[in-house]
>>> print(open('coords34.pdb').read())   # PDB, C-alpha atoms, pLDDT in the B column
MODEL        1
ATOM      1  CA  MET H  21     103.259 107.215  73.751  1.00 49.00           C
ATOM      2  CA  GLU H  22     106.674 106.474  72.397  1.00 45.00           C
ATOM      3  CA  LEU H  23     109.360 105.877  74.966  1.00 49.00           C
ATOM      4  CA  LYS H  24     112.588 107.750  74.290  1.00 48.00           C
ATOM      5  CA  ILE H  25     115.377 105.576  75.620  1.00 49.00           C
ATOM      6  CA  ASP H  26     118.576 107.053  76.954  1.00 50.00           C
ATOM      7  CA  LYS H  27     121.195 105.148  74.953  1.00 50.00           C
ATOM      8  CA  LYS H  28     123.782 105.705  77.683  1.00 51.00           C
ATOM      9  CA  LYS H  29     121.736 103.550  80.009  1.00 56.00           C
ATOM     10  CA  SER H  30     121.504  99.801  79.662  1.00 61.00           C
ATOM     11  CA  LEU H  31     118.133  98.156  79.247  1.00 77.00           C
ATOM     12  CA  VAL H  32     118.665  95.941  82.253  1.00 87.00           C
ATOM     13  CA  VAL H  33     115.940  96.594  84.775  1.00 90.00           C
ATOM     14  CA  ASN H  34     117.205  97.728  88.138  1.00 92.00           C
ATOM     15  CA  PRO H  35     115.134  95.910  90.767  1.00 93.00           C
ATOM     16  CA  GLU H  36     116.252  98.449  93.371  1.00 93.00           C
ATOM     17  CA  SER H  37     114.899 101.397  91.408  1.00 94.00           C
ATOM     18  CA  PRO H  38     112.281 103.242  93.514  1.00 95.00           C
ATOM     19  CA  THR H  39     109.882 103.075  90.569  1.00 95.00           C
ATOM     20  CA  VAL H  40     110.301  99.306  90.216  1.00 95.00           C
ATOM     21  CA  GLN H  41     109.934  98.848  93.973  1.00 95.00           C
ATOM     22  CA  GLY H  42     106.845 101.048  93.990  1.00 95.00           C
ATOM     23  CA  LEU H  43     105.197  99.155  91.139  1.00 96.00           C
ATOM     24  CA  ILE H  44     105.950  95.814  92.816  1.00 95.00           C
ATOM     25  CA  LYS H  45     104.343  97.050  96.036  1.00 95.00           C
ATOM     26  CA  MET H  46     101.353  98.380  94.130  1.00 95.00           C
ATOM     27  CA  LEU H  47     100.902  95.010  92.432  1.00 95.00           C
ATOM     28  CA  GLU H  48     101.360  93.150  95.717  1.00 95.00           C
ATOM     29  CA  HIS H  49      98.741  95.354  97.382  1.00 96.00           C
ATOM     30  CA  LYS H  50      96.333  94.608  94.556  1.00 93.00           C
ATOM     31  CA  ARG H  51      97.025  90.877  94.887  1.00 93.00           C
ATOM     32  CA  LEU H  52      96.429  90.918  98.662  1.00 95.00           C
ATOM     33  CA  ARG H  53      93.173  92.826  98.232  1.00 93.00           C
ATOM     34  CA  GLU H  54      91.953  90.257  95.738  1.00 90.00           C
ATOM     35  CA  LEU H  55      92.918  87.397  98.045  1.00 93.00           C
ATOM     36  CA  PHE H  56      90.833  89.090 100.736  1.00 94.00           C
ATOM     37  CA  TRP H  57      87.870  89.653  98.404  1.00 88.00           C
ATOM     38  CA  PHE H  58      87.899  86.004  97.395  1.00 87.00           C
ATOM     39  CA  GLY H  59      88.094  84.850 101.006  1.00 92.00           C
ATOM     40  CA  LYS H  60      91.611  83.412 100.749  1.00 95.00           C
ATOM     41  CA  ILE H  61      92.953  85.558 103.592  1.00 96.00           C
ATOM     42  CA  THR H  62      91.251  87.219 106.546  1.00 97.00           C
ATOM     43  CA  PHE H  63      91.044  90.937 107.201  1.00 97.00           C
ATOM     44  CA  GLU H  64      93.688  90.617 109.930  1.00 97.00           C
ATOM     45  CA  GLU H  65      95.998  88.676 107.601  1.00 97.00           C
ATOM     46  CA  LEU H  66      95.579  91.347 104.947  1.00 97.00           C
ATOM     47  CA  ASN H  67      96.705  94.136 107.273  1.00 97.00           C
ATOM     48  CA  LYS H  68      99.525  91.971 108.654  1.00 97.00           C
ATOM     49  CA  GLN H  69     100.847  91.115 105.213  1.00 97.00           C
ATOM     50  CA  LEU H  70     100.684  94.752 104.124  1.00 96.00           C
ATOM     51  CA  ILE H  71     103.051  95.605 106.984  1.00 96.00           C
ATOM     52  CA  GLU H  72     105.307  92.637 106.198  1.00 96.00           C
ATOM     53  CA  LYS H  73     105.567  93.678 102.548  1.00 93.00           C
ATOM     54  CA  GLY H  74     106.449  97.236 103.520  1.00 93.00           C
ATOM     55  CA  ILE H  75     103.251  98.688 102.120  1.00 94.00           C
ATOM     56  CA  ASN H  76     102.304 101.807 104.021  1.00 91.00           C
ATOM     57  CA  LYS H  77      98.589 101.122 104.246  1.00 92.00           C
ATOM     58  CA  GLN H  78      96.276  99.688 106.918  1.00 94.00           C
ATOM     59  CA  TYR H  79      92.534  99.206 106.519  1.00 95.00           C
ATOM     60  CA  GLU H  80      90.311 100.183 109.419  1.00 95.00           C
ATOM     61  CA  HIS H  81      87.330  98.105 108.347  1.00 94.00           C
ATOM     62  CA  PRO H  82      86.735  95.246 105.867  1.00 93.00           C
ATOM     63  CA  SER H  83      84.253  97.378 103.925  1.00 87.00           C
ATOM     64  CA  ALA H  84      87.083  99.782 103.101  1.00 87.00           C
ATOM     65  CA  VAL H  85      89.153  97.152 101.275  1.00 89.00           C
TER      66      VAL H  85
ATOM     67  CA  MET O  12      77.043 102.643  65.079  1.00 60.00           C
ATOM     68  CA  SER O  13      76.197 105.064  67.855  1.00 75.00           C
ATOM     69  CA  THR O  14      78.154 105.242  71.062  1.00 78.00           C
ATOM     70  CA  PRO O  15      76.242 103.759  73.968  1.00 89.00           C
ATOM     71  CA  LEU O  16      75.284 106.066  76.795  1.00 94.00           C
ATOM     72  CA  PRO O  17      77.369 105.941  79.948  1.00 94.00           C
ATOM     73  CA  TYR O  18      75.722 104.838  83.167  1.00 96.00           C
ATOM     74  CA  SER O  19      75.173 107.566  85.699  1.00 96.00           C
ATOM     75  CA  PHE O  20      77.539 107.350  88.607  1.00 96.00           C
ATOM     76  CA  ALA O  21      77.760 108.531  92.198  1.00 95.00           C
ATOM     77  CA  HIS O  22      80.944 110.377  92.991  1.00 92.00           C
ATOM     78  CA  ASP O  23      82.530 110.992  96.336  1.00 90.00           C
ATOM     79  CA  ASN O  24      86.157 111.887  97.043  1.00 86.00           C
ATOM     80  CA  ASN O  25      87.759 110.146  94.038  1.00 91.00           C
ATOM     81  CA  LYS O  26      85.488 107.126  94.357  1.00 94.00           C
ATOM     82  CA  TYR O  27      82.895 106.519  91.662  1.00 96.00           C
ATOM     83  CA  ILE O  28      80.119 103.948  91.824  1.00 96.00           C
ATOM     84  CA  PHE O  29      77.725 102.823  89.125  1.00 96.00           C
ATOM     85  CA  LYS O  30      75.369  99.936  88.529  1.00 94.00           C
ATOM     86  CA  THR O  31      74.819  98.270  85.181  1.00 92.00           C
ATOM     87  CA  ASP O  32      71.548  97.133  83.598  1.00 91.00           C
ATOM     88  CA  ASN O  33      72.517  93.634  84.742  1.00 87.00           C
ATOM     89  CA  SER O  34      72.796  94.831  88.344  1.00 87.00           C
ATOM     90  CA  VAL O  35      76.558  94.557  88.504  1.00 89.00           C
ATOM     91  CA  ALA O  36      77.871  97.299  90.778  1.00 92.00           C
ATOM     92  CA  TYR O  37      81.283  98.783  89.983  1.00 93.00           C
ATOM     93  CA  SER O  38      83.487 100.928  92.118  1.00 94.00           C
ATOM     94  CA  ILE O  39      86.179 102.936  90.362  1.00 96.00           C
ATOM     95  CA  GLU O  40      88.652 104.208  92.899  1.00 95.00           C
ATOM     96  CA  PHE O  41      91.572 106.578  92.752  1.00 95.00           C
ATOM     97  CA  THR O  42      93.451 106.153  96.019  1.00 94.00           C
ATOM     98  CA  ASP O  43      96.617 107.843  97.149  1.00 93.00           C
ATOM     99  CA  GLY O  44      99.567 106.218  95.402  1.00 94.00           C
ATOM    100  CA  THR O  45     102.335 108.526  96.558  1.00 93.00           C
ATOM    101  CA  HIS O  46     103.442 106.239  99.406  1.00 91.00           C
ATOM    102  CA  TYR O  47     104.601 103.568  96.934  1.00 94.00           C
ATOM    103  CA  PHE O  48     107.220 105.740  95.294  1.00 92.00           C
ATOM    104  CA  LEU O  49     110.103 106.971  97.404  1.00 90.00           C
ATOM    105  CA  ASN O  50     111.497 108.983  94.495  1.00 89.00           C
ATOM    106  CA  LEU O  51     108.350 111.067  94.155  1.00 91.00           C
ATOM    107  CA  PRO O  52     108.286 114.548  95.720  1.00 91.00           C
ATOM    108  CA  GLN O  53     105.527 114.749  98.358  1.00 86.00           C
ATOM    109  CA  TYR O  54     103.811 117.703  96.699  1.00 89.00           C
ATOM    110  CA  ILE O  55     102.947 115.797  93.518  1.00 92.00           C
ATOM    111  CA  PRO O  56      99.672 113.877  93.660  1.00 91.00           C
ATOM    112  CA  VAL O  57      99.738 110.430  92.072  1.00 95.00           C
ATOM    113  CA  PHE O  58      96.847 108.057  92.444  1.00 96.00           C
ATOM    114  CA  GLU O  59      96.428 104.334  92.173  1.00 95.00           C
ATOM    115  CA  PHE O  60      93.615 103.279  89.867  1.00 94.00           C
ATOM    116  CA  ASN O  61      91.441 100.301  90.717  1.00 91.00           C
ATOM    117  CA  ILE O  62      88.296  98.823  89.260  1.00 90.00           C
ATOM    118  CA  LYS O  63      86.338  96.770  91.750  1.00 88.00           C
ATOM    119  CA  ILE O  64      83.182  94.759  91.220  1.00 86.00           C
ATOM    120  CA  LEU O  65      81.113  95.108  94.370  1.00 86.00           C
ATOM    121  CA  ASN O  66      78.913  92.068  93.827  1.00 82.00           C
ATOM    122  CA  VAL O  67      81.283  89.475  92.364  1.00 62.00           C
ATOM    123  CA  VAL O  68      78.913  86.506  92.386  1.00 57.00           C
ATOM    124  CA  ASP O  69      76.230  88.302  90.395  1.00 55.00           C
ATOM    125  CA  SER O  70      78.712  89.361  87.732  1.00 55.00           C
ATOM    126  CA  ILE O  71      79.773  85.859  86.727  1.00 64.00           C
ATOM    127  CA  GLY O  72      78.648  84.976  83.221  1.00 68.00           C
ATOM    128  CA  GLN O  73      77.353  88.424  82.401  1.00 70.00           C
ATOM    129  CA  PRO O  74      77.427  89.364  78.683  1.00 78.00           C
ATOM    130  CA  TYR O  75      79.807  92.135  77.542  1.00 81.00           C
ATOM    131  CA  ASP O  76      78.293  95.511  78.262  1.00 87.00           C
ATOM    132  CA  LYS O  77      79.656  98.365  76.118  1.00 89.00           C
ATOM    133  CA  ARG O  78      78.200 100.942  78.480  1.00 93.00           C
ATOM    134  CA  ILE O  79      80.759  99.937  81.119  1.00 92.00           C
ATOM    135  CA  GLU O  80      83.603 101.085  78.885  1.00 90.00           C
ATOM    136  CA  VAL O  81      82.070 104.464  78.090  1.00 91.00           C
ATOM    137  CA  THR O  82      81.200 104.965  81.748  1.00 94.00           C
ATOM    138  CA  ILE O  83      84.773 104.341  82.854  1.00 93.00           C
ATOM    139  CA  VAL O  84      86.068 106.655  80.130  1.00 90.00           C
ATOM    140  CA  ASN O  85      83.599 109.271  81.372  1.00 92.00           C
ATOM    141  CA  ILE O  86      84.870 108.810  84.925  1.00 94.00           C
ATOM    142  CA  LEU O  87      88.473 109.229  83.768  1.00 93.00           C
ATOM    143  CA  SER O  88      87.487 112.427  82.046  1.00 91.00           C
ATOM    144  CA  THR O  89      85.897 113.718  85.275  1.00 92.00           C
ATOM    145  CA  PHE O  90      88.983 112.726  87.250  1.00 94.00           C
ATOM    146  CA  PHE O  91      91.162 114.744  84.898  1.00 94.00           C
ATOM    147  CA  ASP O  92      89.059 117.872  85.354  1.00 92.00           C
ATOM    148  CA  ASN O  93      91.866 118.633  87.772  1.00 90.00           C
ATOM    149  CA  ASN O  94      94.907 118.829  85.524  1.00 90.00           C
ATOM    150  CA  LYS O  95      97.265 118.115  88.436  1.00 90.00           C
ATOM    151  CA  ASN O  96      95.832 114.631  88.762  1.00 92.00           C
ATOM    152  CA  SER O  97      97.687 111.602  87.474  1.00 96.00           C
ATOM    153  CA  PHE O  98      97.370 107.917  88.130  1.00 96.00           C
ATOM    154  CA  ILE O  99      99.165 104.640  87.694  1.00 96.00           C
ATOM    155  CA  TYR O 100      97.389 101.510  86.609  1.00 95.00           C
ATOM    156  CA  VAL O 101      99.228  98.256  87.219  1.00 95.00           C
ATOM    157  CA  CYS O 102      97.642  95.138  85.765  1.00 93.00           C
ATOM    158  CA  ASP O 103      96.688  92.496  88.265  1.00 87.00           C
ATOM    159  CA  ASN O 104      98.421  89.166  87.591  1.00 85.00           C
ATOM    160  CA  LEU O 105      96.743  86.915  90.141  1.00 82.00           C
ATOM    161  CA  ASP O 106      95.012  84.887  87.426  1.00 84.00           C
ATOM    162  CA  ASN O 107      97.749  85.359  84.781  1.00 85.00           C
ATOM    163  CA  ARG O 108      95.434  87.575  82.723  1.00 87.00           C
ATOM    164  CA  GLN O 109      97.557  90.730  83.030  1.00 89.00           C
ATOM    165  CA  GLN O 110      98.199  90.876  79.269  1.00 91.00           C
ATOM    166  CA  VAL O 111      94.474  90.741  78.557  1.00 91.00           C
ATOM    167  CA  ARG O 112      93.826  93.597  80.987  1.00 89.00           C
ATOM    168  CA  TYR O 113      96.720  95.619  79.563  1.00 92.00           C
ATOM    169  CA  ARG O 114      95.496  95.237  75.987  1.00 93.00           C
ATOM    170  CA  LYS O 115      91.898  96.005  76.925  1.00 90.00           C
ATOM    171  CA  PHE O 116      92.843  99.183  78.783  1.00 89.00           C
ATOM    172  CA  ASP O 117      95.066 100.215  75.879  1.00 91.00           C
ATOM    173  CA  ARG O 118      92.264  99.575  73.389  1.00 90.00           C
ATOM    174  CA  TRP O 119      89.832 101.668  75.443  1.00 86.00           C
ATOM    175  CA  PHE O 120      92.323 104.495  75.665  1.00 88.00           C
ATOM    176  CA  LYS O 121      93.079 104.503  71.938  1.00 88.00           C
ATOM    177  CA  LYS O 122      89.424 104.322  71.008  1.00 86.00           C
ATOM    178  CA  ASN O 123      88.521 107.230  73.241  1.00 80.00           C
ATOM    179  CA  LYS O 124      91.728 109.145  72.827  1.00 79.00           C
ATOM    180  CA  THR O 125      91.779 112.761  73.827  1.00 82.00           C
ATOM    181  CA  ALA O 126      94.637 115.193  73.366  1.00 83.00           C
ATOM    182  CA  LEU O 127      94.307 116.170  77.005  1.00 90.00           C
ATOM    183  CA  ILE O 128      95.246 112.820  78.518  1.00 93.00           C
ATOM    184  CA  GLU O 129      98.562 111.129  77.802  1.00 95.00           C
ATOM    185  CA  LYS O 130      99.367 107.493  78.543  1.00 95.00           C
ATOM    186  CA  TYR O 131     102.843 106.071  79.082  1.00 96.00           C
ATOM    187  CA  ASP O 132     103.370 102.321  79.289  1.00 96.00           C
ATOM    188  CA  ILE O 133     105.997 100.031  80.707  1.00 94.00           C
ATOM    189  CA  ASP O 134     106.342  96.289  80.443  1.00 93.00           C
ATOM    190  CA  PHE O 135     109.175  94.469  82.183  1.00 92.00           C
ATOM    191  CA  SER O 136     109.888  91.426  84.294  1.00 91.00           C
ATOM    192  CA  VAL O 137     111.629  91.364  87.629  1.00 90.00           C
ATOM    193  CA  TYR O 138     111.846  88.570  90.229  1.00 87.00           C
ATOM    194  CA  ASP O 139     109.965  86.357  87.731  1.00 87.00           C
ATOM    195  CA  THR O 140     107.032  88.771  87.845  1.00 89.00           C
ATOM    196  CA  GLN O 141     105.773  90.585  84.797  1.00 91.00           C
ATOM    197  CA  ILE O 142     104.893  94.204  85.496  1.00 93.00           C
ATOM    198  CA  LEU O 143     102.544  95.855  83.040  1.00 95.00           C
ATOM    199  CA  ALA O 144     101.753  99.388  84.070  1.00 96.00           C
ATOM    200  CA  SER O 145     100.590 102.693  82.652  1.00 96.00           C
ATOM    201  CA  LEU O 146     100.937 106.246  83.827  1.00 97.00           C
ATOM    202  CA  LEU O 147      98.081 108.535  82.804  1.00 96.00           C
ATOM    203  CA  VAL O 148      98.713 112.207  83.068  1.00 96.00           C
ATOM    204  CA  HIS O 149      96.979 115.383  81.962  1.00 96.00           C
ATOM    205  CA  ALA O 150      98.773 117.031  79.042  1.00 95.00           C
ATOM    206  CA  HIS O 151      98.865 120.285  80.995  1.00 95.00           C
ATOM    207  CA  ASN O 152      99.981 118.790  84.278  1.00 96.00           C
ATOM    208  CA  PRO O 153     102.683 121.167  85.582  1.00 95.00           C
ATOM    209  CA  ASN O 154     104.694 118.169  86.842  1.00 95.00           C
ATOM    210  CA  LYS O 155     104.283 116.028  83.733  1.00 96.00           C
ATOM    211  CA  GLU O 156     107.916 116.009  82.670  1.00 96.00           C
ATOM    212  CA  LEU O 157     109.138 114.936  86.100  1.00 95.00           C
ATOM    213  CA  LEU O 158     106.421 112.306  86.496  1.00 96.00           C
ATOM    214  CA  VAL O 159     107.225 110.730  83.137  1.00 96.00           C
ATOM    215  CA  ARG O 160     110.949 110.763  83.817  1.00 95.00           C
ATOM    216  CA  LEU O 161     110.503 109.089  87.205  1.00 95.00           C
ATOM    217  CA  PHE O 162     108.066 106.548  85.770  1.00 95.00           C
ATOM    218  CA  PHE O 163     110.660 105.384  83.255  1.00 94.00           C
ATOM    219  CA  ASP O 164     113.531 105.439  85.695  1.00 92.00           C
ATOM    220  CA  ILE O 165     113.685 101.655  85.967  1.00 92.00           C
ATOM    221  CA  TYR O 166     116.992 100.762  84.292  1.00 87.00           C
ATOM    222  CA  LYS O 167     120.494 100.242  85.671  1.00 79.00           C
TER     223      LYS O 167
ENDMDL
END
>>> encode(input="coords34.pdb", output="structure tokens")
Amino acid sequence: MELKIDKKKSLVVNPESPTVQGLIKMLEHKRLRELFWFGKITFEELNKQLIEKGINKQYEHPSAV
Amino acid sequence: MSTPLPYSFAHDNNKYIFKTDNSVAYSIEFTDGTHYFLNLPQYIPVFEFNIKILNVVDSIGQPYDKRIEVTIVNILSTFFDNNKNSFIYVCDNLDNRQQVRYRKFDRWFKKNKTALIEKYDIDFSVYDTQILASLLVHAHNPNKELLVRLFFDIYK
């Protein structure tokens, strides 16, 4: 799809934009899950880091990751 | 050349599982993604899309299997049976292969393009991290305009 850009806005990304923040958290969550899958962090570390990164998600069991 | 047949999949609550001829088990999951976006009204469902290989070791060195692609496309089609559904796919960058994933997903979408599903892409860098993400939304989603506007609301 073609993106229609509002010319009145600059093309400088706003790191505080809720969309940018949300995408960063989504990517961080994905990264933490992969670290868990590959045995780089424990289940407890995964849940702890999710809290630290402000990601509103906690896993109840490793099989749910 | 004929299109390969999709694998049959089990489906439970936005989670789809299938197994390939080479015994690689895939889980395609659409999990709640609304909590990531503070600018999103609570009543609009947005999902996070993830592809997970359930038996990683067995999948190493497997040849390319075209049936995987058509199966995932089939799953997307099932997911969009509900026209209020939408999802965001952000490309994992842990191994620096985010561009490869982005291009592959884009290629799959274009090859299997349907007028009923629209894809919007963004590519930007922030905090030295490249973000490659797509929003997929049903053409008749009643909240489409708002979703697209919020998705692109990333500039100063």
>>> resolve_selection(input="coords34.pdb", expression="the PyMOL selection byres ((chain O) within 6 of (chain H))", output="list in words")
Tyr47, Phe48, Leu49, Asn50, Tyr131, Ile165, Tyr166 and Lys167 of chain O
>>> residues_around(input="coords34.pdb", residues="region 106-115 of chain O", least_positions_apart="4", cutoff="7 Å", atoms="only C-alpha atoms", output="PDB file with C-alpha atoms, in the coordinates of the input")
ATOM      1  CA  CYS O 102      97.642  95.138  85.765  1.00 93.00           C
ATOM      2  CA  TRP O 119      89.832 101.668  75.443  1.00 86.00           C
ATOM      3  CA  LEU O 143     102.544  95.855  83.040  1.00 95.00           C
TER       4      LEU O 143
END
>>> atom_distance(input="coords34.pdb", atom1="CA of Asn85 (chain O)", atom2="CA of Pro17 (chain O)")
7.2 Å
>>> resolve_selection(input="coords34.pdb", expression="the PyMOL selection byres ((chain O and resi 36) around 6)", output="PDB file with C-alpha atoms, in the coordinates of the input")
ATOM      1  CA  PHE O  29      77.725 102.823  89.125  1.00 96.00           C
ATOM      2  CA  LYS O  30      75.369  99.936  88.529  1.00 94.00           C
ATOM      3  CA  VAL O  35      76.558  94.557  88.504  1.00 89.00           C
ATOM      4  CA  TYR O  37      81.283  98.783  89.983  1.00 93.00           C
ATOM      5  CA  ILE O  64      83.182  94.759  91.220  1.00 86.00           C
ATOM      6  CA  LEU O  65      81.113  95.108  94.370  1.00 86.00           C
TER       7      LEU O  65
END
>>> closest_residue(input="coords34.pdb", among="O:Asn154, O:Asn24, O:Ser19, O:Ser13", to="Asn94 (chain O)", atoms="all atoms listed in the file")
O:Asn154
>>> resolve_selection(input="coords34.pdb", expression="the PyMOL selection byres ((chain H and resi 78) around 12)", output="JSON, numbers by chain")
{"H": [49, 53, 63, 64, 65, 66, 67, 68, 69, 70, 71, 72, 73, 74, 75, 76, 77, 79, 80, 81, 82, 84, 85]}
>>> write_last_selection(input="coords34.pdb", atoms="C-alpha atoms", output="short mmCIF file (atom, residue, chain, number, x, y, z; two decimals), in the frame of the given file")
data_model
loop_
_atom_site.label_atom_id
_atom_site.label_comp_id
_atom_site.auth_asym_id
_atom_site.auth_seq_id
_atom_site.Cartn_x
_atom_site.Cartn_y
_atom_site.Cartn_z
CA HIS H 49 98.74 95.35 97.38
CA ARG H 53 93.17 92.83 98.23
CA PHE H 63 91.04 90.94 107.20
CA GLU H 64 93.69 90.62 109.93
CA GLU H 65 96.00 88.68 107.60
CA LEU H 66 95.58 91.35 104.95
CA ASN H 67 96.70 94.14 107.27
CA LYS H 68 99.52 91.97 108.65
CA GLN H 69 100.85 91.12 105.21
CA LEU H 70 100.68 94.75 104.12
CA ILE H 71 103.05 95.60 106.98
CA GLU H 72 105.31 92.64 106.20
CA LYS H 73 105.57 93.68 102.55
CA GLY H 74 106.45 97.24 103.52
CA ILE H 75 103.25 98.69 102.12
CA ASN H 76 102.30 101.81 104.02
CA LYS H 77 98.59 101.12 104.25
CA TYR H 79 92.53 99.21 106.52
CA GLU H 80 90.31 100.18 109.42
CA HIS H 81 87.33 98.10 108.35
CA PRO H 82 86.74 95.25 105.87
CA ALA H 84 87.08 99.78 103.10
CA VAL H 85 89.15 97.15 101.28
#
>>> atom_distance(input="coords34.pdb", atom1="CA of Ser136 (chain O)", atom2="CA of Ile62 (chain O)")
23.4 Å
>>> atom_distance(input="coords34.pdb", atom1="CA of Glu129 (chain O)", atom2="CA of Tyr18 (chain O)")
24.3 Å
>>> axis_aligned_box(input="coords34.pdb", around="region 30-42 of chain H", padding_each_side="5 Å", output="AutoDock Vina command-line options")
--center_x 114.2 --center_y 99.6 --center_z 86.6 --size_x 24.7 --size_y 17.3 --size_z 24.7
>>> closest_residue(input="coords34.pdb", among="O:Ser145, O:Asp76, O:Ser38, O:Asp43", to="His22 (chain O)", atoms="all atoms listed in the file")
O:Ser38
>>> residues_around(input="coords34.pdb", residues="Ile128 (chain O)", least_positions_apart="5", cutoff="7 Å", atoms="only C-alpha atoms", output="ChimeraX atom specification")
/O:147-150
>>> write_last_selection(input="coords34.pdb", atoms="C-alpha atoms", output="short mmCIF file (atom, residue, chain, number, x, y, z; two decimals), in the frame of the given file")
data_model
loop_
_atom_site.label_atom_id
_atom_site.label_comp_id
_atom_site.auth_asym_id
_atom_site.auth_seq_id
_atom_site.Cartn_x
_atom_site.Cartn_y
_atom_site.Cartn_z
CA LEU O 147 98.08 108.54 82.80
CA VAL O 148 98.71 112.21 83.07
CA HIS O 149 96.98 115.38 81.96
CA ALA O 150 98.77 117.03 79.04
#
>>> closest_atom_pairs(input="coords34.pdb", of="region 51-153 of chain O", to="region 157-162 of chain O", cutoff="10 Å", atoms="all atoms listed in the file", output="tab-separated table")
residue	atom	partner	partner_atom	distance
O:Leu51	CA	O:Leu161	CA	7.5
O:Pro52	CA	O:Leu157	CA	9.7
O:Ile55	CA	O:Leu158	CA	8.6
O:Pro56	CA	O:Leu158	CA	10.0
O:Val57	CA	O:Leu158	CA	8.9
O:Ser97	CA	O:Leu158	CA	8.8
O:Ile99	CA	O:Phe162	CA	9.3
O:Lys130	CA	O:Val159	CA	9.7
O:Tyr131	CA	O:Val159	CA	7.6
O:Asp132	CA	O:Phe162	CA	9.1
O:Ile133	CA	O:Phe162	CA	8.5
O:Ala144	CA	O:Phe162	CA	9.7
O:Ser145	CA	O:Phe162	CA	9.0
O:Leu146	CA	O:Phe162	CA	7.4
O:Leu147	CA	O:Val159	CA	9.4
O:Val148	CA	O:Leu158	CA	8.4
O:Asn152	CA	O:Leu158	CA	9.4
O:Pro153	CA	O:Leu157	CA	9.0
>>> closest_residue(input="coords34.pdb", among="O:Asp164, O:Gln53, O:Ile39, O:Phe98", to="Ile83 (chain O)", atoms="all atoms listed in the file")
O:Ile39
>>> build_atoms(input="coords34.pdb", residues="region 33-44 of chain H", atoms="N, CA and C atoms", output="compact mmCIF listing (two decimals), keeping the file's coordinate frame")
# COMPACT_ATOMS: atom_id res chain seq x y z
N VAL H 33 116.78 96.00 83.73
CA VAL H 33 115.94 96.59 84.78
C VAL H 33 116.66 96.53 86.12
N ASN H 34 116.60 97.64 86.81
CA ASN H 34 117.20 97.73 88.14
C ASN H 34 116.13 97.43 89.18
N PRO H 35 116.19 96.26 89.81
CA PRO H 35 115.13 95.91 90.77
C PRO H 35 115.10 96.83 91.98
N GLU H 36 116.21 97.54 92.21
CA GLU H 36 116.25 98.45 93.37
C GLU H 36 115.73 99.84 93.04
N SER H 37 115.41 100.08 91.79
CA SER H 37 114.90 101.40 91.41
C SER H 37 113.62 101.70 92.20
N PRO H 38 113.49 102.90 92.75
CA PRO H 38 112.28 103.24 93.51
C PRO H 38 111.00 103.05 92.70
N THR H 39 111.08 103.28 91.40
CA THR H 39 109.88 103.08 90.57
C THR H 39 109.53 101.60 90.50
N VAL H 40 110.54 100.75 90.28
CA VAL H 40 110.30 99.31 90.22
C VAL H 40 109.76 98.82 91.56
N GLN H 41 110.39 99.26 92.64
CA GLN H 41 109.93 98.85 93.97
C GLN H 41 108.49 99.30 94.22
N GLY H 42 108.19 100.52 93.81
CA GLY H 42 106.84 101.05 93.99
C GLY H 42 105.81 100.26 93.20
N LEU H 43 106.14 99.91 91.97
CA LEU H 43 105.20 99.16 91.14
C LEU H 43 104.99 97.74 91.70
N ILE H 44 106.08 97.15 92.21
CA ILE H 44 105.95 95.81 92.82
C ILE H 44 105.02 95.88 94.04
